[in-house]
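J.: One file is attached below, query37.cif, containing mmCIF, C-alpha atoms.
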```cif
data_query
loop_
_atom_site.group_PDB
_atom_site.id
_atom_site.type_symbol
_atom_site.label_atom_id
_atom_site.label_comp_id
_atom_site.auth_asym_id
_atom_site.auth_seq_id
_atom_site.Cartn_x
_atom_site.Cartn_y
_atom_site.Cartn_z
ATOM 1 C CA MET A 9 115.208 -12.055 99.320
ATOM 2 C CA ILE A 10 117.270 -11.490 96.160
ATOM 3 C CA GLY A 11 118.993 -14.860 96.624
ATOM 4 C CA VAL A 12 115.644 -16.605 96.975
ATOM 5 C CA LEU A 13 114.305 -14.840 93.887
ATOM 6 C CA HIS A 14 117.388 -15.821 91.892
ATOM 7 C CA SER A 15 117.102 -19.431 93.057
ATOM 8 C CA VAL A 16 113.415 -19.662 92.147
ATOM 9 C CA THR A 17 114.066 -18.039 88.760
ATOM 10 C CA GLU A 18 116.835 -20.527 87.981
ATOM 11 C CA ARG A 19 114.596 -23.469 88.923
ATOM 12 C CA VAL A 20 111.842 -22.178 86.650
ATOM 13 C CA ILE A 21 114.338 -21.765 83.788
ATOM 14 C CA GLN A 22 115.665 -25.300 84.248
ATOM 15 C CA ARG A 23 112.227 -26.841 84.665
ATOM 16 C CA SER A 24 110.855 -25.161 81.538
ATOM 17 C CA ARG A 25 113.915 -25.551 79.296
ATOM 18 C CA VAL A 26 112.502 -28.410 77.169
ATOM 19 C CA SER A 27 109.028 -26.921 76.770
ATOM 20 C CA ARG A 28 110.526 -23.489 76.025
ATOM 21 C CA GLU A 29 112.711 -24.967 73.276
ATOM 22 C CA ARG A 30 109.636 -26.674 71.767
ATOM 23 C CA TYR A 31 107.710 -23.410 71.951
ATOM 24 C CA LEU A 32 110.496 -21.432 70.245
ATOM 25 C CA ALA A 33 110.785 -24.078 67.503
ATOM 26 C CA LEU A 34 107.019 -23.882 66.930
ATOM 27 C CA MET A 35 107.169 -20.085 66.700
ATOM 28 C CA GLU A 36 109.985 -20.325 64.147
ATOM 29 C CA ARG A 37 108.049 -22.867 62.037
ATOM 30 C CA ASN A 38 104.978 -20.628 62.124
ATOM 31 C CA ARG A 39 107.027 -17.587 61.180
ATOM 32 C CA GLU A 40 108.241 -19.436 58.097
ATOM 33 C CA ARG A 41 104.810 -20.885 57.291
ATOM 34 C CA PHE A 42 102.579 -17.844 57.570
ATOM 35 C CA PRO A 43 102.838 -14.698 55.472
ATOM 36 C CA PRO A 44 104.505 -11.611 56.873
ATOM 37 C CA ARG A 45 102.312 -8.658 57.767
ATOM 38 C CA THR A 46 102.969 -7.202 54.342
ATOM 39 C CA GLY A 47 101.070 -10.195 52.924
ATOM 40 C CA LEU A 48 97.846 -9.303 54.732
ATOM 41 C CA SER A 49 95.043 -7.711 52.779
ATOM 42 C CA CYS A 50 95.048 -3.938 53.061
ATOM 43 C CA GLY A 51 91.702 -3.981 54.931
ATOM 44 C CA ASN A 52 92.927 -6.309 57.657
ATOM 45 C CA LEU A 53 96.186 -4.448 58.108
ATOM 46 C CA ALA A 54 94.427 -1.067 58.097
ATOM 47 C CA HIS A 55 92.149 -2.153 60.947
ATOM 48 C CA ALA A 56 95.051 -3.632 62.899
ATOM 49 C CA ILE A 57 97.101 -0.440 62.816
ATOM 50 C CA ALA A 58 94.427 2.290 62.726
ATOM 51 C CA GLY A 59 94.921 3.423 66.325
ATOM 52 C CA LEU A 60 98.713 3.463 66.321
ATOM 53 C CA THR A 61 101.201 6.309 66.077
ATOM 54 C CA PRO A 62 102.509 7.099 62.577
ATOM 55 C CA ASP A 63 105.884 5.538 63.444
ATOM 56 C CA SER A 64 104.277 2.320 64.706
ATOM 57 C CA LYS A 65 102.055 2.170 61.620
ATOM 58 C CA HIS A 66 105.131 2.448 59.405
ATOM 59 C CA ARG A 67 106.986 -0.263 61.355
ATOM 60 C CA LEU A 68 104.059 -2.682 61.157
ATOM 61 C CA ARG A 69 103.269 -1.933 57.522
ATOM 62 C CA HIS A 70 106.855 -2.764 56.580
ATOM 63 C CA SER A 71 107.317 -5.684 59.027
ATOM 64 C CA GLN A 72 110.061 -3.877 60.915
ATOM 65 C CA GLY A 73 110.524 -5.630 64.243
ATOM 66 C CA PRO A 74 108.286 -7.506 66.622
ATOM 67 C CA ASN A 75 104.878 -6.284 67.725
ATOM 68 C CA ILE A 76 104.124 -6.963 71.389
ATOM 69 C CA GLY A 77 100.541 -7.669 72.399
ATOM 70 C CA ILE A 78 99.541 -6.187 75.768
ATOM 71 C CA VAL A 79 96.863 -7.979 77.806
ATOM 72 C CA SER A 80 95.774 -6.545 81.144
ATOM 73 C CA SER A 81 93.245 -7.102 83.898
ATOM 74 C CA TYR A 82 93.086 -3.365 84.605
ATOM 75 C CA ASN A 83 89.666 -1.842 85.164
ATOM 76 C CA GLU A 84 88.426 1.406 86.676
ATOM 77 C CA VAL A 85 85.907 -0.228 89.016
ATOM 78 C CA LEU A 86 88.417 -1.525 91.560
ATOM 79 C CA SER A 87 90.640 1.073 93.184
ATOM 80 C CA ALA A 88 93.382 -1.511 93.677
ATOM 81 C CA HIS A 89 93.789 -1.636 89.890
ATOM 82 C CA GLN A 90 94.486 2.099 89.605
ATOM 83 C CA PRO A 91 98.304 1.725 89.584
ATOM 84 C CA LEU A 92 98.022 -0.597 86.563
ATOM 85 C CA GLY A 93 96.287 1.985 84.378
ATOM 86 C CA GLY A 94 99.469 3.517 82.992
ATOM 87 C CA TYR A 95 101.340 0.276 82.283
ATOM 88 C CA PRO A 96 100.359 -0.013 78.602
ATOM 89 C CA ASP A 97 101.974 3.378 77.921
ATOM 90 C CA VAL A 98 105.110 2.341 79.829
ATOM 91 C CA ILE A 99 105.282 -0.905 77.827
ATOM 92 C CA ARG A 100 104.733 0.947 74.537
ATOM 93 C CA GLN A 101 107.539 3.381 75.351
ATOM 94 C CA ALA A 102 109.953 0.580 76.288
ATOM 95 C CA ALA A 103 109.013 -1.241 73.084
ATOM 96 C CA ARG A 104 109.650 1.890 70.999
ATOM 97 C CA GLU A 105 113.058 2.346 72.619
ATOM 98 C CA ALA A 106 113.921 -1.254 71.678
ATOM 99 C CA GLY A 107 112.729 -0.745 68.088
ATOM 100 C CA TYR A 108 109.489 -2.714 68.569
ATOM 101 C CA THR A 109 105.829 -1.811 68.496
ATOM 102 C CA ALA A 110 103.221 -2.675 71.112
ATOM 103 C CA GLN A 111 99.431 -2.743 71.001
ATOM 104 C CA PHE A 112 96.855 -3.229 73.721
ATOM 105 C CA ALA A 113 95.342 -6.509 72.539
ATOM 106 C CA GLY A 114 92.675 -6.997 75.171
ATOM 107 C CA GLY A 115 91.541 -7.063 78.743
ATOM 108 C CA VAL A 116 90.813 -10.039 80.938
ATOM 109 C CA PRO A 117 89.033 -10.328 84.288
ATOM 110 C CA ALA A 118 91.199 -10.515 87.378
ATOM 111 C CA MET A 119 90.836 -13.019 90.201
ATOM 112 C CA CYS A 120 89.695 -10.228 92.518
ATOM 113 C CA ASP A 121 86.840 -9.422 90.120
ATOM 114 C CA GLY A 122 85.012 -12.476 91.425
ATOM 115 C CA VAL A 123 86.043 -14.778 88.604
#
```
Rewrite the structure from the file as structure tokens, please.

T.:
Amino acid sequence: MIGVLHSVTERVIQRSRVSRERYLALMERNRERFPPRTGLSCGNLAHAIAGLTPDSKHRLRHSQGPNIGIVSSYNEVLSAHQPLGGYPDVIRQAAREAGYTAQFAGGVPAMCDGV
């Protein structure tokens, strides 16, 4: 199974190389074009960081490192989703250990929700 997984991963990397390079170039252009977080009005930034830990607030206020947006299809209605409930905390912890911040940006419906 590991060999198959490696093979599929390599094919995806090769197949997406050109589009990935375009995407990264676009992100770099946007980073240069748009103001850093410190350029946001205090009201917008205050709302964006209100629910974060003091350390994460400091990092975002001073544009220290990337901020990862977490999007999940977790809900409490379907028991099959229960194992996903703790993932945002796991992601936040991993982000902190890497010197990043992470925020739960939103939820989306899952295919099994009848969408």

J.: In Å, how far is it from CA of Gly59 in chain A to CA of Ala110 in chain A?

T.: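 According to the coordinates, CA of Gly59 in chain A and CA of Ala110 in chain A are separated by 11.4 Å.
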
J.: CA of Cys120 in chain A to CA of Tyr82 in chain A: how many Å, to one decimal?

T.: 11.0 Å

J.: Evaluate the PyMOL selection byres ((chain A and resi 111) around 10) against this structure - the residues, as a list of chain:residue names, please.

T.: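 After applying the PyMOL selection byres ((chain A and resi 111) around 10), what remains is A:Ala56, A:Ile57, A:Gly59, A:Leu60, A:Ser64, A:Asn75, A:Ile76, A:Gly77, A:Ile78, A:Val79, A:Pro96, A:Asp97, A:Ile99, A:Arg100, A:Ala103, A:Thr109, A:Ala110, A:Phe112, A:Ala113, A:Gly114.
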
J.: Name the residues captured by the PyMOL selection byres ((chain A and resi 107) around 9) when it is applied to the shown file; answer as an MDAnalysis selection string.

T.: chainID A and resid 67 72:74 102:106 108:109

J.: Could you tell me how far CA of Ser71 in chain A sits from CA of Pro44 in chain A, in Å to one decimal place?

T.: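 Spanning CA of Pro44 in chain A to CA of Ser71 in chain A is a straight-line distance of 6.9 Å.
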
J.: Identify, on the basis of all atoms listed in the file, every residue whose closest approach to His55 in chain A does not exceed 12 Å; exclude the query and any residue fewer than 6 positions from it along the same chain; express the result as a list of chain:residue names.

T.: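 Everything that qualifies: A:Leu48, A:Ser49, A:Lys65, A:Leu68, A:Arg69.
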
J.: Taking all atoms of range 36-45 of chain A that the file lists and extending 6 Å past them on each side, where is the centre of the axis-aligned box and how long are its edges? Answer in Å to one decimal, as AutoDock Vina command-line options.

T.:
```
--center_x 106.1 --center_y -15.8 --center_z 59.8 --size_x 19.7 --size_y 26.2 --size_z 20.7
```
